[in-house]
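Below: target_32.txt (compact mmCIF, C-alpha atoms and all ligand atoms)
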# COMPACT_ATOMS: atom_id res chain seq x y z
CA MET A 16 0.00 0.00 0.00
CA SER A 17 1.60 3.27 -1.07
CA GLU A 18 1.90 6.21 1.30
CA THR A 19 -0.96 8.72 1.10
CA PHE A 20 -0.64 12.48 0.95
CA ARG A 21 -0.89 14.04 4.39
CA ARG A 22 -1.08 17.75 3.64
CA VAL A 23 -2.77 18.91 0.44
CA LEU A 24 -2.81 22.53 -0.75
CA ILE A 25 -5.68 23.32 -3.11
CA VAL A 26 -5.35 26.60 -4.96
CA GLY A 27 -8.73 27.55 -6.44
CA THR A 28 -11.62 26.23 -4.34
CA GLY A 29 -14.23 26.97 -7.00
CA LEU A 30 -16.46 24.50 -8.85
CA ILE A 31 -13.77 21.93 -9.67
CA GLY A 32 -11.35 22.50 -6.74
CA GLY A 33 -14.29 22.60 -4.30
CA SER A 34 -15.81 19.40 -5.72
CA LEU A 35 -12.42 17.66 -5.44
CA CYS A 36 -12.09 18.78 -1.79
CA LEU A 37 -15.54 17.35 -1.01
CA SER A 38 -14.70 14.01 -2.58
CA ILE A 39 -11.25 13.78 -0.96
CA LYS A 40 -12.78 14.51 2.45
CA LYS A 41 -15.31 11.71 1.91
CA GLU A 42 -12.79 8.92 1.21
CA CYS A 43 -9.58 10.26 2.80
CA PRO A 44 -10.68 12.27 5.84
CA GLN A 45 -7.18 11.95 7.33
CA ALA A 46 -5.70 14.26 4.67
CA ILE A 47 -5.36 17.87 5.84
CA LEU A 48 -6.80 20.10 3.12
CA VAL A 49 -5.60 23.70 2.97
CA GLY A 50 -7.51 25.98 0.60
CA MET A 51 -6.33 29.18 -1.06
CA ASP A 52 -8.40 31.30 -3.42
CA ALA A 53 -8.54 34.89 -4.62
CA ASN A 54 -12.25 34.80 -3.80
CA GLU A 55 -12.74 34.85 -0.03
CA SER A 56 -16.37 33.79 -0.11
CA SER A 57 -15.49 30.53 -1.91
CA LEU A 58 -12.96 29.79 0.86
CA GLU A 59 -15.34 30.68 3.67
CA GLU A 60 -18.10 28.50 2.19
CA ALA A 61 -15.65 25.62 1.80
CA LEU A 62 -14.44 25.95 5.40
CA LYS A 63 -18.00 26.24 6.71
CA VAL A 64 -18.96 22.83 5.31
CA ARG A 65 -15.56 21.32 6.26
CA ALA A 66 -14.59 20.74 2.62
CA ILE A 67 -11.24 22.22 3.70
CA ASP A 68 -9.58 22.17 7.11
CA GLU A 69 -7.69 25.44 6.88
CA ILE A 70 -7.47 28.61 4.83
CA GLY A 71 -3.92 29.37 3.69
CA THR A 72 -2.75 32.96 3.50
CA ASP A 73 0.88 32.73 2.33
CA PHE A 74 1.30 30.71 -0.89
CA VAL A 75 5.04 30.06 -0.54
CA ALA A 76 4.78 29.08 3.14
CA GLU A 77 1.94 26.67 2.32
CA VAL A 78 3.76 25.12 -0.63
CA LEU A 79 6.78 24.44 1.61
CA LYS A 80 4.57 22.48 4.04
CA ALA A 81 2.49 20.57 1.44
CA ASP A 82 2.92 17.01 0.11
CA LEU A 83 0.56 17.63 -2.79
CA LEU A 84 -0.40 20.84 -4.58
CA LEU A 85 -3.65 20.79 -6.57
CA LEU A 86 -3.88 23.73 -8.96
CA CYS A 87 -7.57 24.29 -9.73
CA THR A 88 -7.39 27.77 -11.26
CA PRO A 89 -7.97 28.91 -14.87
CA VAL A 90 -5.32 27.47 -17.21
CA LYS A 91 -3.09 30.53 -17.65
CA GLN A 92 -3.05 31.14 -13.88
CA THR A 93 -2.05 27.51 -13.33
CA LEU A 94 0.97 28.02 -15.60
CA SER A 95 2.11 31.03 -13.49
CA PHE A 96 1.78 29.06 -10.24
CA LEU A 97 3.82 26.19 -11.66
CA LYS A 98 6.60 28.57 -12.75
CA GLU A 99 6.59 30.16 -9.28
CA VAL A 100 6.86 26.82 -7.47
CA ASP A 101 9.72 25.69 -9.72
CA LYS A 102 11.84 28.57 -8.36
CA LEU A 103 11.37 27.65 -4.68
CA SER A 104 13.99 25.89 -2.53
CA LEU A 105 11.98 22.86 -1.51
CA MET A 106 13.34 20.70 1.29
CA ARG A 107 11.18 17.68 0.42
CA PRO A 108 9.35 16.14 -2.52
CA LEU A 109 6.20 17.84 -3.76
CA VAL A 110 3.72 16.28 -6.17
CA ILE A 111 1.68 18.76 -8.24
CA SER A 112 -1.45 18.12 -10.25
CA ASP A 113 -3.91 20.41 -12.03
CA VAL A 114 -7.43 20.21 -13.42
CA GLY A 115 -7.08 22.49 -16.45
CA SER A 116 -9.20 21.89 -19.54
CA THR A 117 -6.14 21.85 -21.81
CA LYS A 118 -3.03 19.76 -21.28
CA GLY A 119 -0.48 20.59 -24.02
CA GLU A 120 0.69 23.93 -22.68
CA ILE A 121 0.95 22.79 -19.05
CA MET A 122 2.72 19.53 -19.95
CA GLY A 123 5.12 21.50 -22.17
CA LEU A 124 6.03 23.58 -19.11
CA ALA A 125 6.06 20.56 -16.76
CA GLU A 126 8.70 18.83 -18.91
CA THR A 127 11.01 21.84 -18.51
CA LEU A 128 10.83 22.09 -14.69
CA THR A 129 14.30 22.17 -13.16
CA ASN A 130 13.41 21.68 -9.50
CA ASP A 131 14.23 18.04 -8.78
CA GLN A 132 11.80 17.88 -5.82
CA LEU A 133 8.82 18.30 -8.15
CA SER A 134 6.70 15.63 -9.83
CA PHE A 135 3.91 16.87 -12.09
CA ILE A 136 0.85 14.86 -13.09
CA GLY A 137 -1.50 16.70 -15.42
CA GLY A 138 -5.17 16.09 -14.65
CA HIS A 139 -8.54 16.87 -16.18
CA PRO A 140 -11.81 15.53 -14.81
CA MET A 141 -14.21 15.46 -17.77
CA ALA A 142 -17.25 16.78 -15.97
CA GLY A 143 -18.27 20.25 -15.00
CA SER A 144 -20.89 22.88 -15.32
CA HIS A 145 -21.57 26.37 -16.63
CA LYS A 146 -21.60 27.47 -12.97
CA SER A 147 -18.61 28.72 -11.03
CA GLY A 148 -17.43 29.00 -7.46
CA PHE A 149 -17.61 26.75 -4.41
CA ILE A 150 -21.36 27.39 -4.22
CA ALA A 151 -21.73 25.12 -7.28
CA ALA A 152 -19.34 22.40 -5.98
CA ASP A 153 -20.81 18.92 -5.77
CA VAL A 154 -19.37 15.79 -4.15
CA ASP A 155 -20.89 13.67 -6.95
CA LEU A 156 -19.76 15.87 -9.85
CA PHE A 157 -17.14 13.44 -11.15
CA GLU A 158 -19.00 10.18 -10.52
CA ASN A 159 -18.56 7.91 -13.57
CA ALA A 160 -16.84 10.70 -15.50
CA TYR A 161 -13.51 10.07 -17.20
CA TYR A 162 -10.64 11.65 -15.28
CA VAL A 163 -7.72 12.16 -17.66
CA LEU A 164 -4.17 11.97 -16.26
CA THR A 165 -1.07 13.05 -18.20
CA PRO A 166 1.93 12.23 -15.96
CA SER A 167 5.16 13.97 -16.96
CA SER A 168 7.95 11.70 -18.20
CA THR A 169 9.86 11.52 -14.86
CA VAL A 170 6.86 10.59 -12.70
CA SER A 171 6.74 7.04 -11.31
CA ALA A 172 3.72 4.75 -11.60
CA GLU A 173 3.69 4.62 -7.79
CA THR A 174 3.19 8.42 -7.59
CA VAL A 175 0.31 8.20 -10.07
CA ASP A 176 -1.24 5.45 -7.90
CA ARG A 177 -0.93 7.66 -4.82
CA LEU A 178 -2.78 10.47 -6.57
CA GLN A 179 -5.52 8.11 -7.78
CA ALA A 180 -5.88 6.72 -4.25
CA LEU A 181 -6.41 10.23 -2.87
CA LEU A 182 -8.95 10.99 -5.58
CA LYS A 183 -10.82 7.69 -5.13
CA GLY A 184 -13.81 9.54 -3.67
CA THR A 185 -14.42 11.26 -7.02
CA ARG A 186 -15.55 7.85 -8.33
CA GLY A 187 -14.15 9.02 -11.66
CA LYS A 188 -12.69 6.64 -14.23
CA PHE A 189 -8.98 7.37 -14.51
CA VAL A 190 -7.45 7.19 -17.96
CA GLU A 191 -3.93 8.11 -19.13
CA MET A 192 -3.23 9.65 -22.52
CA THR A 193 -0.80 12.07 -24.10
CA ALA A 194 -1.42 15.79 -23.82
CA ALA A 195 -1.67 16.03 -27.62
CA GLU A 196 -4.37 13.34 -27.77
CA HIS A 197 -6.21 15.03 -24.93
CA ASP A 198 -6.20 18.46 -26.58
CA GLN A 199 -7.27 17.07 -29.94
CA ILE A 200 -10.23 15.22 -28.40
CA THR A 201 -11.37 17.96 -26.03
CA GLY A 202 -10.96 20.51 -28.83
CA VAL A 203 -13.67 18.64 -30.71
CA VAL A 204 -15.99 17.46 -27.92
CA SER A 205 -15.73 20.39 -25.53
CA HIS A 206 -13.96 23.52 -26.79
CA LEU A 207 -15.51 23.84 -30.27
CA PRO A 208 -19.03 23.20 -28.88
CA HIS A 209 -18.50 26.06 -26.41
CA ILE A 210 -17.55 28.41 -29.25
CA ILE A 211 -20.60 27.34 -31.25
CA ALA A 212 -22.99 27.70 -28.28
CA SER A 213 -21.78 31.23 -27.58
CA ALA A 214 -21.89 32.15 -31.28
CA LEU A 215 -25.50 30.91 -31.46
CA VAL A 216 -26.49 33.16 -28.56
CA LYS A 217 -24.74 36.13 -30.19
CA HIS A 218 -26.43 35.31 -33.50
CA ASN A 219 -29.82 35.27 -31.79
CA GLN A 220 -29.17 38.70 -30.18
CA VAL A 221 -29.42 40.43 -33.57
CA LEU A 222 -32.99 39.23 -34.06
CA VAL A 223 -33.92 39.86 -30.39
CA LYS A 224 -33.35 43.57 -31.06
CA GLN A 225 -35.73 43.56 -34.04
CA LEU A 226 -38.28 41.06 -32.73
CA PRO A 227 -38.26 40.86 -28.91
CA MET A 228 -40.59 37.82 -29.02
CA THR A 229 -37.51 35.83 -30.14
CA LYS A 230 -36.46 35.51 -26.49
CA LYS A 231 -39.78 34.00 -25.51
CA LEU A 232 -39.97 31.55 -28.38
CA ALA A 233 -36.49 30.21 -27.58
CA ALA A 234 -37.65 26.89 -26.18
CA GLY A 235 -36.03 23.55 -25.28
CA GLY A 236 -33.82 23.20 -28.35
CA PHE A 237 -32.17 26.60 -28.05
CA ARG A 238 -31.83 26.29 -24.29
CA ASP A 239 -30.28 22.78 -24.50
CA ILE A 240 -27.70 23.71 -27.10
CA THR A 241 -26.72 27.04 -25.49
CA ARG A 242 -26.59 26.18 -21.75
CA ILE A 243 -22.80 26.14 -21.82
CA ALA A 244 -22.71 29.70 -23.19
CA SER A 245 -23.41 30.75 -19.56
CA SER A 246 -19.94 29.52 -18.52
CA ASP A 247 -17.21 31.78 -17.12
CA PRO A 248 -15.77 33.93 -19.96
CA ALA A 249 -12.32 34.26 -18.34
CA MET A 250 -11.94 30.49 -18.05
CA TRP A 251 -12.97 29.96 -21.69
CA THR A 252 -10.66 32.71 -22.97
CA ASP A 253 -7.75 30.83 -21.38
CA ILE A 254 -8.93 27.50 -22.83
CA LEU A 255 -9.17 28.83 -26.39
CA LEU A 256 -5.78 30.52 -26.27
CA SER A 257 -4.23 27.43 -24.73
CA ASN A 258 -5.58 25.10 -27.44
CA GLN A 259 -5.14 27.58 -30.29
CA GLU A 260 -3.55 25.30 -32.87
CA VAL A 261 -6.14 22.52 -32.58
CA LEU A 262 -9.04 24.97 -32.54
CA VAL A 263 -7.89 26.96 -35.55
CA ALA A 264 -7.79 23.71 -37.57
CA GLU A 265 -11.15 22.52 -36.18
CA MET A 266 -12.84 25.84 -36.92
CA LYS A 267 -11.64 25.73 -40.52
CA ASP A 268 -13.12 22.25 -40.79
CA TRP A 269 -16.34 23.49 -39.21
CA GLN A 270 -16.57 26.38 -41.68
CA LYS A 271 -16.22 23.85 -44.49
CA GLN A 272 -19.08 21.78 -43.03
CA MET A 273 -21.28 24.87 -42.77
CA ALA A 274 -20.43 25.78 -46.37
CA ASP A 275 -21.46 22.26 -47.49
CA ILE A 276 -24.81 22.49 -45.69
CA LEU A 277 -25.41 25.95 -47.11
CA ASN A 278 -24.76 24.58 -50.56
CA TRP A 279 -27.23 21.66 -50.11
CA LEU A 280 -29.83 24.12 -48.88
CA GLU A 281 -29.35 26.55 -51.74
CA ARG A 282 -29.74 23.65 -54.18
CA ALA A 283 -32.70 22.23 -52.15
CA ASP A 284 -30.85 18.89 -52.16
CA LYS A 285 -33.45 16.96 -50.13
CA GLN A 286 -31.68 13.58 -50.08
CA THR A 287 -28.30 14.95 -48.94
CA ILE A 288 -29.97 17.04 -46.23
CA PHE A 289 -31.91 13.98 -45.03
CA ASP A 290 -28.75 11.84 -45.02
CA PHE A 291 -26.92 14.51 -43.01
CA PHE A 292 -29.59 14.54 -40.28
CA ALA A 293 -29.95 10.74 -40.33
CA SER A 294 -26.23 10.06 -39.92
CA ALA A 295 -25.97 12.68 -37.16
CA LYS A 296 -28.93 11.10 -35.35
CA ASN A 297 -27.35 7.63 -35.57
CA ALA A 298 -24.06 8.92 -34.19
CA ARG A 299 -25.76 10.87 -31.38
CA ASP A 300 -28.01 7.91 -30.44
CA ALA A 301 -24.94 5.65 -30.28
CA LEU A 302 -23.12 7.83 -27.70
CA PRO A 303 -22.58 5.85 -24.49
CA GLN A 304 -25.21 6.57 -21.85
CA ARG A 305 -23.76 8.27 -18.79
CA LYS A 306 -24.69 6.81 -15.46
CA SER A 307 -25.84 8.91 -12.51
CA GLY A 308 -23.64 11.64 -11.15
CA ALA A 309 -21.70 12.62 -14.25
CA ILE A 310 -24.49 14.84 -15.52
CA PRO A 311 -25.13 17.11 -12.59
CA ALA A 312 -28.58 18.30 -11.66
CA PHE A 313 -28.51 22.08 -11.53
CA ASN A 314 -31.38 22.48 -9.08
CA ASP A 315 -32.53 25.62 -10.84
CA LEU A 316 -36.07 26.85 -11.38
CA PHE A 317 -36.83 29.76 -13.69
CA VAL A 318 -39.92 31.78 -12.77
CA GLN A 319 -41.52 34.39 -14.99
CA VAL A 320 -42.68 37.33 -12.90
CA PRO A 321 -44.55 40.49 -13.91
CA ASP A 322 -42.44 43.62 -13.58
CA HIS A 323 -44.28 44.91 -10.45
CA PRO A 324 -42.80 46.13 -7.16
CA GLY A 325 -43.02 43.44 -4.46
CA GLU A 326 -43.14 40.52 -6.91
CA ILE A 327 -39.82 39.01 -5.77
CA ALA A 328 -40.93 39.24 -2.14
CA LYS A 329 -44.14 37.43 -3.09
CA VAL A 330 -42.17 34.55 -4.67
CA THR A 331 -39.74 34.23 -1.76
CA GLY A 332 -42.65 34.55 0.68
CA ILE A 333 -44.43 31.55 -0.88
CA LEU A 334 -41.25 29.50 -0.54
CA ALA A 335 -40.54 30.66 3.03
CA GLY A 336 -44.12 29.78 3.99
CA ALA A 337 -43.38 26.17 3.04
CA ASN A 338 -39.90 26.21 4.62
CA VAL A 339 -38.12 25.74 1.29
CA SER A 340 -34.72 27.48 1.30
CA LEU A 341 -32.94 29.03 -1.64
CA THR A 342 -29.18 28.88 -2.14
CA ASN A 343 -29.23 31.63 -4.78
CA LEU A 344 -31.58 34.06 -6.49
CA LYS A 345 -30.73 35.89 -9.69
CA ILE A 346 -32.77 38.35 -11.73
CA ILE A 347 -32.26 37.64 -15.39
CA GLU A 348 -32.08 40.75 -17.54
CA ASN A 349 -35.45 42.02 -18.69
CA ARG A 350 -35.69 44.73 -21.29
CA GLU A 351 -39.32 44.31 -22.19
CA ASP A 352 -40.74 45.74 -18.94
CA ILE A 353 -43.58 43.22 -18.99
CA PHE A 354 -42.12 40.06 -17.49
CA GLY A 355 -38.78 39.29 -15.95
CA THR A 356 -37.30 35.91 -15.11
CA LEU A 357 -36.04 34.89 -11.70
CA GLN A 358 -33.47 32.11 -11.56
CA LEU A 359 -33.97 30.34 -8.24
CA THR A 360 -31.39 27.79 -7.10
CA PHE A 361 -32.23 25.14 -4.50
CA LYS A 362 -30.21 22.60 -2.52
CA ASN A 363 -31.66 19.57 -4.26
CA GLN A 364 -34.14 18.33 -6.84
CA GLN A 365 -36.78 17.62 -4.22
CA ASP A 366 -36.91 21.32 -3.28
CA VAL A 367 -37.08 22.24 -6.98
CA LYS A 368 -40.18 20.05 -7.37
CA ILE A 369 -41.86 21.46 -4.24
CA ALA A 370 -41.12 25.02 -5.37
CA PHE A 371 -42.42 24.28 -8.87
CA ASN A 372 -45.75 23.05 -7.48
CA LEU A 373 -46.13 25.91 -5.00
CA LEU A 374 -45.28 28.65 -7.47
CA THR A 375 -47.38 27.31 -10.35
CA LYS A 376 -50.43 26.18 -8.31
CA ASP A 377 -50.56 28.67 -5.41
CA GLY A 378 -48.74 31.57 -7.05
CA GLY A 379 -50.05 31.20 -10.60
CA TYR A 380 -46.53 31.73 -11.98
CA THR A 381 -45.12 30.19 -15.14
CA CYS A 382 -42.09 28.12 -14.17
CA TYR A 383 -39.63 26.00 -16.12
CA GLU A 384 -36.53 24.03 -15.21
CA LYS A 385 -34.08 24.85 -17.99
N1 LIG B 401 -16.07 24.38 -15.29
C1 LIG B 401 -15.90 23.20 -15.85
O1 LIG B 401 -16.83 22.62 -16.40
C2 LIG B 401 -14.54 22.55 -15.81
C3 LIG B 401 -14.45 21.17 -15.93
C4 LIG B 401 -13.18 20.58 -15.85
C5 LIG B 401 -12.05 21.36 -15.68
N2 LIG B 401 -12.18 22.70 -15.59
C6 LIG B 401 -10.96 23.49 -15.35
O2 LIG B 401 -10.90 23.69 -13.95
C7 LIG B 401 -10.25 24.92 -13.64
C8 LIG B 401 -11.13 25.68 -12.66
O3 LIG B 401 -12.40 25.90 -13.23
P1 LIG B 401 -13.71 26.05 -12.33
O4 LIG B 401 -14.85 25.71 -13.21
O5 LIG B 401 -13.54 25.37 -11.02
O6 LIG B 401 -13.71 27.61 -12.13
P2 LIG B 401 -14.17 28.45 -10.84
O7 LIG B 401 -14.22 29.86 -11.29
O8 LIG B 401 -15.38 27.85 -10.24
O9 LIG B 401 -12.95 28.23 -9.85
C9 LIG B 401 -11.68 28.77 -10.08
C10 LIG B 401 -11.23 29.42 -8.80
O10 LIG B 401 -9.89 29.87 -8.97
C11 LIG B 401 -9.77 31.07 -8.24
N3 LIG B 401 -8.62 31.82 -8.75
C12 LIG B 401 -8.46 32.37 -9.97
N4 LIG B 401 -7.27 32.97 -10.05
C13 LIG B 401 -6.67 32.81 -8.83
C14 LIG B 401 -5.44 33.21 -8.28
N5 LIG B 401 -4.55 33.91 -8.99
N6 LIG B 401 -5.16 32.87 -7.00
C15 LIG B 401 -6.05 32.16 -6.27
N7 LIG B 401 -7.24 31.76 -6.74
C16 LIG B 401 -7.55 32.08 -8.00
C17 LIG B 401 -11.09 31.78 -8.47
O11 LIG B 401 -11.34 32.76 -7.48
C18 LIG B 401 -12.07 30.62 -8.42
O12 LIG B 401 -12.62 30.42 -7.12
C19 LIG B 401 -10.00 25.61 -14.98
O13 LIG B 401 -8.68 25.43 -15.34
C20 LIG B 401 -10.90 24.89 -15.94
O14 LIG B 401 -10.35 24.89 -17.25
C21 LIG B 401 -13.40 23.32 -15.61
O1 LIG B 402 -21.20 20.59 -18.61
C1 LIG B 402 -20.65 21.67 -18.79
O2 LIG B 402 -21.19 22.74 -18.52
C2 LIG B 402 -19.29 21.71 -19.30
O3 LIG B 402 -19.01 22.61 -20.03
C3 LIG B 402 -18.31 20.72 -18.86
C4 LIG B 402 -17.08 20.58 -19.73
C5 LIG B 402 -17.49 20.11 -21.13
O4 LIG B 402 -18.10 19.04 -21.18
O5 LIG B 402 -17.22 20.77 -22.12
C6 LIG B 402 -16.37 21.87 -19.81
C7 LIG B 402 -15.06 22.00 -19.69
C8 LIG B 402 -14.27 20.96 -19.13
O6 LIG B 402 -12.97 21.07 -19.28
C9 LIG B 402 -14.90 19.69 -19.00
C10 LIG B 402 -16.22 19.55 -19.12

How does the structure come out when it is put into structure tokens?
Amino acid sequence: MSETFRRVLIVGTGLIGGSLCLSIKKECPQAILVGMDANESSLEEALKVRAIDEIGTDFVAEVLKADLLLLCTPVKQTLSFLKEVDKLSLMRPLVISDVGSTKGEIMGLAETLTNDQLSFIGGHPMAGSHKSGFIAADVDLFENAYYVLTPSSTVSAETVDRLQALLKGTRGKFVEMTAAEHDQITGVVSHLPHIIASALVKHNQVLVKQLPMTKKLAAGGFRDITRIASSDPAMWTDILLSNQEVLVAEMKDWQKQMADILNWLERADKQTIFDFFASAKNARDALPQRKSGAIPAFNDLFVQVPDHPGEIAKVTGILAGANVSLTNLKIIENREDIFGTLQLTFKNQQDVKIAFNLLTKDGGYTCYEK
């Protein structure tokens, strides 16, 4: 049985770092988890629910004491931390891993580290959300999700085993691959779809200005395909710039595909259009089903409210009357001055269902879940 990590420093206790802390605490409660984050509220939330044991204040001092450093920040920030740690005089071995959505750039840097106390294992759990911060962290986020590891060339198999043992509570499926393979695959299945989702929302905005009803008619299809456009723009800027080469090639390919479809449409080529949809349907239907956990429930309810003073208090009053607590309430932009949308977030799906019934039946509100 290999030795476990005693003191773990997690930098970035947001969605991914926070979810990792929760799953480490579940299976390896003996590990001392020290959190650091630029956002104090994420740290305080994490400490409050004992996802971390301590809040660190001095990065260098904490690195010197840690056995494992988990970098859970946006990709470009992770690169800066790794460069900083490489310069330190470490008195004992330190294993470092990250969770960044791209692997080529970080592994390129990891292979040039000169500090012989460091071992770097790139990591990327393939599950997430459009939400950010510890508030969105979930102990089950990585259940049944692939967890990619890209150990650098000097790292021993035993060190990789130690990391996997610590992360056992994620219930992720660990898989090793090269950074280049990782970036090629995620470029296609994750990064390009994010660009397309955001471009679709931007495309829609033009018509929203001319025909405001566009917003209201955007139903399940538009909402499903654009959910990820609500993700953190800073994180996605880093991802695109970090996987630039792959994405430039993929976008050229995508443009070619769009040009082909445009051509079939202009020529009203019924058979080719049918074949396109049929082969896409077959491929989509053949995707492996994901078991519970990997697709997180967002516990959100969207409520349409008339733009009257006191309307928000009425909604929260109905929920308070039934003892249903909210974890977040957001007013979604409303330019029509007729109805606005409240995004209510609850602790679990059961509360979402109770709130849905109360607000539709007792309150007469129109509610939907995504
Ligand atoms: N969101 C996803 O779906 C997803 C999935 C897998 C991997 N990732 C990767 O995980 C990493 C974190 O993403 P996330 O979704 O948890 O984002 P997040 O915004 O929820 O968390 C990132 C945290 O890092 C903190 N941070 C940023 N710069 C910092 C700095 N200089 N010092 C200290 N703290 C700093 C932020 O305050 C934030 O709390 C990214 O590299 C991302 O590419 C994201
Ligand atoms: O489900 C989502 O919201 C995600 O965007 C998660 C998602 C993805 O599937 O593209 C996003 C980035 C990650 O690096 C891994 C997973």

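Residues with any atom within 7 Å of stretch 162-178 of chain A, counting only C-alpha atoms and excluding same-chain neighbours fewer than 2 positions away, are Ser17, Glu18, Thr19, Met122, Ala125, Glu126, Ser134, Phe135, Ile136, Gly137, Gly138, His139, Pro140, Met141, Ala160, Ala180, Leu181, Leu182, Gly187, Lys188, Phe189, Val190, Glu191, Met192, Thr193 and Ala194 of chain A.
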
Write out as a Markdown table the residues of stretch 111-152 of chain A that have any atom within 12 Å of an atom of stretch 235-242 of chain A, one row each with the nearest atom pair and its distance in Å to one decimal, counting all atoms listed in the file, sorted by chain and then rising number.
| residue | atom | partner | partner_atom | distance |
| --- | --- | --- | --- | --- |
| A:Ser144 | CA | A:Arg242 | CA | 9.2 |
| A:His145 | CA | A:Arg242 | CA | 7.2 |
| A:Lys146 | CA | A:Arg242 | CA | 10.2 |

Take the residues from that selection and put them in a file with C-alpha atoms, as an mmCIF file, in the frame of the given file.
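Output file result-v8.cif is given in full below:
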data_model
loop_
_atom_site.group_PDB
_atom_site.id
_atom_site.type_symbol
_atom_site.label_atom_id
_atom_site.label_comp_id
_atom_site.auth_asym_id
_atom_site.auth_seq_id
_atom_site.Cartn_x
_atom_site.Cartn_y
_atom_site.Cartn_z
ATOM 1 C CA SER A 144 -20.890 22.880 -15.320
ATOM 2 C CA HIS A 145 -21.570 26.370 -16.630
ATOM 3 C CA LYS A 146 -21.600 27.470 -12.970
#

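Of the residues listed (A:Asn258, A:Gln286, A:Thr185, A:Asn130), A:Thr185 shows the shortest atom-to-atom separation from A:Gly33; distances use all atoms listed in the file.
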
Within 10 Å of ligand LIG 402 (chain B), which residues of chain A come that close, and what is the closest atom pair and distance in Å for each? Count only C-alpha atoms and all ligand atoms and give it as JSON lines.
{"residue": "A:Ile31", "atom": "CA", "partner": "B:LIG402", "partner_atom": "C8", "distance": 9.5}
{"residue": "A:Val114", "atom": "CA", "partner": "B:LIG402", "partner_atom": "O6", "distance": 8.1}
{"residue": "A:Gly115", "atom": "CA", "partner": "B:LIG402", "partner_atom": "O6", "distance": 6.7}
{"residue": "A:Ser116", "atom": "CA", "partner": "B:LIG402", "partner_atom": "O6", "distance": 3.9}
{"residue": "A:Thr117", "atom": "CA", "partner": "B:LIG402", "partner_atom": "O6", "distance": 7.3}
{"residue": "A:His139", "atom": "CA", "partner": "B:LIG402", "partner_atom": "O6", "distance": 6.8}
{"residue": "A:Pro140", "atom": "CA", "partner": "B:LIG402", "partner_atom": "C9", "distance": 6.7}
{"residue": "A:Met141", "atom": "CA", "partner": "B:LIG402", "partner_atom": "C9", "distance": 4.5}
{"residue": "A:Ala142", "atom": "CA", "partner": "B:LIG402", "partner_atom": "C10", "distance": 4.3}
{"residue": "A:Gly143", "atom": "CA", "partner": "B:LIG402", "partner_atom": "C3", "distance": 3.9}
{"residue": "A:Ser144", "atom": "CA", "partner": "B:LIG402", "partner_atom": "O2", "distance": 3.2}
{"residue": "A:His145", "atom": "CA", "partner": "B:LIG402", "partner_atom": "O2", "distance": 4.1}
{"residue": "A:Lys146", "atom": "CA", "partner": "B:LIG402", "partner_atom": "O2", "distance": 7.3}
{"residue": "A:Ser147", "atom": "CA", "partner": "B:LIG402", "partner_atom": "O2", "distance": 9.9}
{"residue": "A:Ala160", "atom": "CA", "partner": "B:LIG402", "partner_atom": "C10", "distance": 9.6}
{"residue": "A:Tyr161", "atom": "CA", "partner": "B:LIG402", "partner_atom": "C9", "distance": 9.9}
{"residue": "A:Tyr162", "atom": "CA", "partner": "B:LIG402", "partner_atom": "C9", "distance": 9.8}
{"residue": "A:Thr201", "atom": "CA", "partner": "B:LIG402", "partner_atom": "O5", "distance": 7.6}
{"residue": "A:Gly202", "atom": "CA", "partner": "B:LIG402", "partner_atom": "O5", "distance": 9.2}
{"residue": "A:Val203", "atom": "CA", "partner": "B:LIG402", "partner_atom": "O5", "distance": 9.5}
{"residue": "A:Val204", "atom": "CA", "partner": "B:LIG402", "partner_atom": "O5", "distance": 6.8}
{"residue": "A:Ser205", "atom": "CA", "partner": "B:LIG402", "partner_atom": "O5", "distance": 3.7}
{"residue": "A:His206", "atom": "CA", "partner": "B:LIG402", "partner_atom": "O5", "distance": 6.3}
{"residue": "A:Leu207", "atom": "CA", "partner": "B:LIG402", "partner_atom": "O5", "distance": 8.9}
{"residue": "A:Pro208", "atom": "CA", "partner": "B:LIG402", "partner_atom": "O5", "distance": 7.4}
{"residue": "A:His209", "atom": "CA", "partner": "B:LIG402", "partner_atom": "O5", "distance": 6.9}
{"residue": "A:Thr241", "atom": "CA", "partner": "B:LIG402", "partner_atom": "O2", "distance": 9.9}
{"residue": "A:Arg242", "atom": "CA", "partner": "B:LIG402", "partner_atom": "O2", "distance": 7.2}
{"residue": "A:Ile243", "atom": "CA", "partner": "B:LIG402", "partner_atom": "O2", "distance": 5.0}
{"residue": "A:Ala244", "atom": "CA", "partner": "B:LIG402", "partner_atom": "O2", "distance": 8.5}
{"residue": "A:Ser245", "atom": "CA", "partner": "B:LIG402", "partner_atom": "O2", "distance": 8.4}
{"residue": "A:Ser246", "atom": "CA", "partner": "B:LIG402", "partner_atom": "O2", "distance": 6.9}
{"residue": "A:Asp247", "atom": "CA", "partner": "B:LIG402", "partner_atom": "O3", "distance": 9.8}
{"residue": "A:Met250", "atom": "CA", "partner": "B:LIG402", "partner_atom": "C7", "distance": 9.2}
{"residue": "A:Trp251", "atom": "CA", "partner": "B:LIG402", "partner_atom": "C7", "distance": 8.5}
{"residue": "A:Ile254", "atom": "CA", "partner": "B:LIG402", "partner_atom": "O6", "distance": 8.4}
{"residue": "A:Ala309", "atom": "CA", "partner": "B:LIG402", "partner_atom": "O1", "distance": 9.1}
{"residue": "A:Ile310", "atom": "CA", "partner": "B:LIG402", "partner_atom": "O1", "distance": 7.3}
{"residue": "A:Pro311", "atom": "CA", "partner": "B:LIG402", "partner_atom": "O1", "distance": 8.0}

May I have the centre and edge lengths, in Å to one decimal, of an axis-aligned box around the listed atoms of ligand LIG 401 (chain B) with 3 Å added to every side, as AutoDock Vina command-line options?
--center_x -10.7 --center_y 27.2 --center_z -11.8 --size_x 18.3 --size_y 19.3 --size_z 17.0
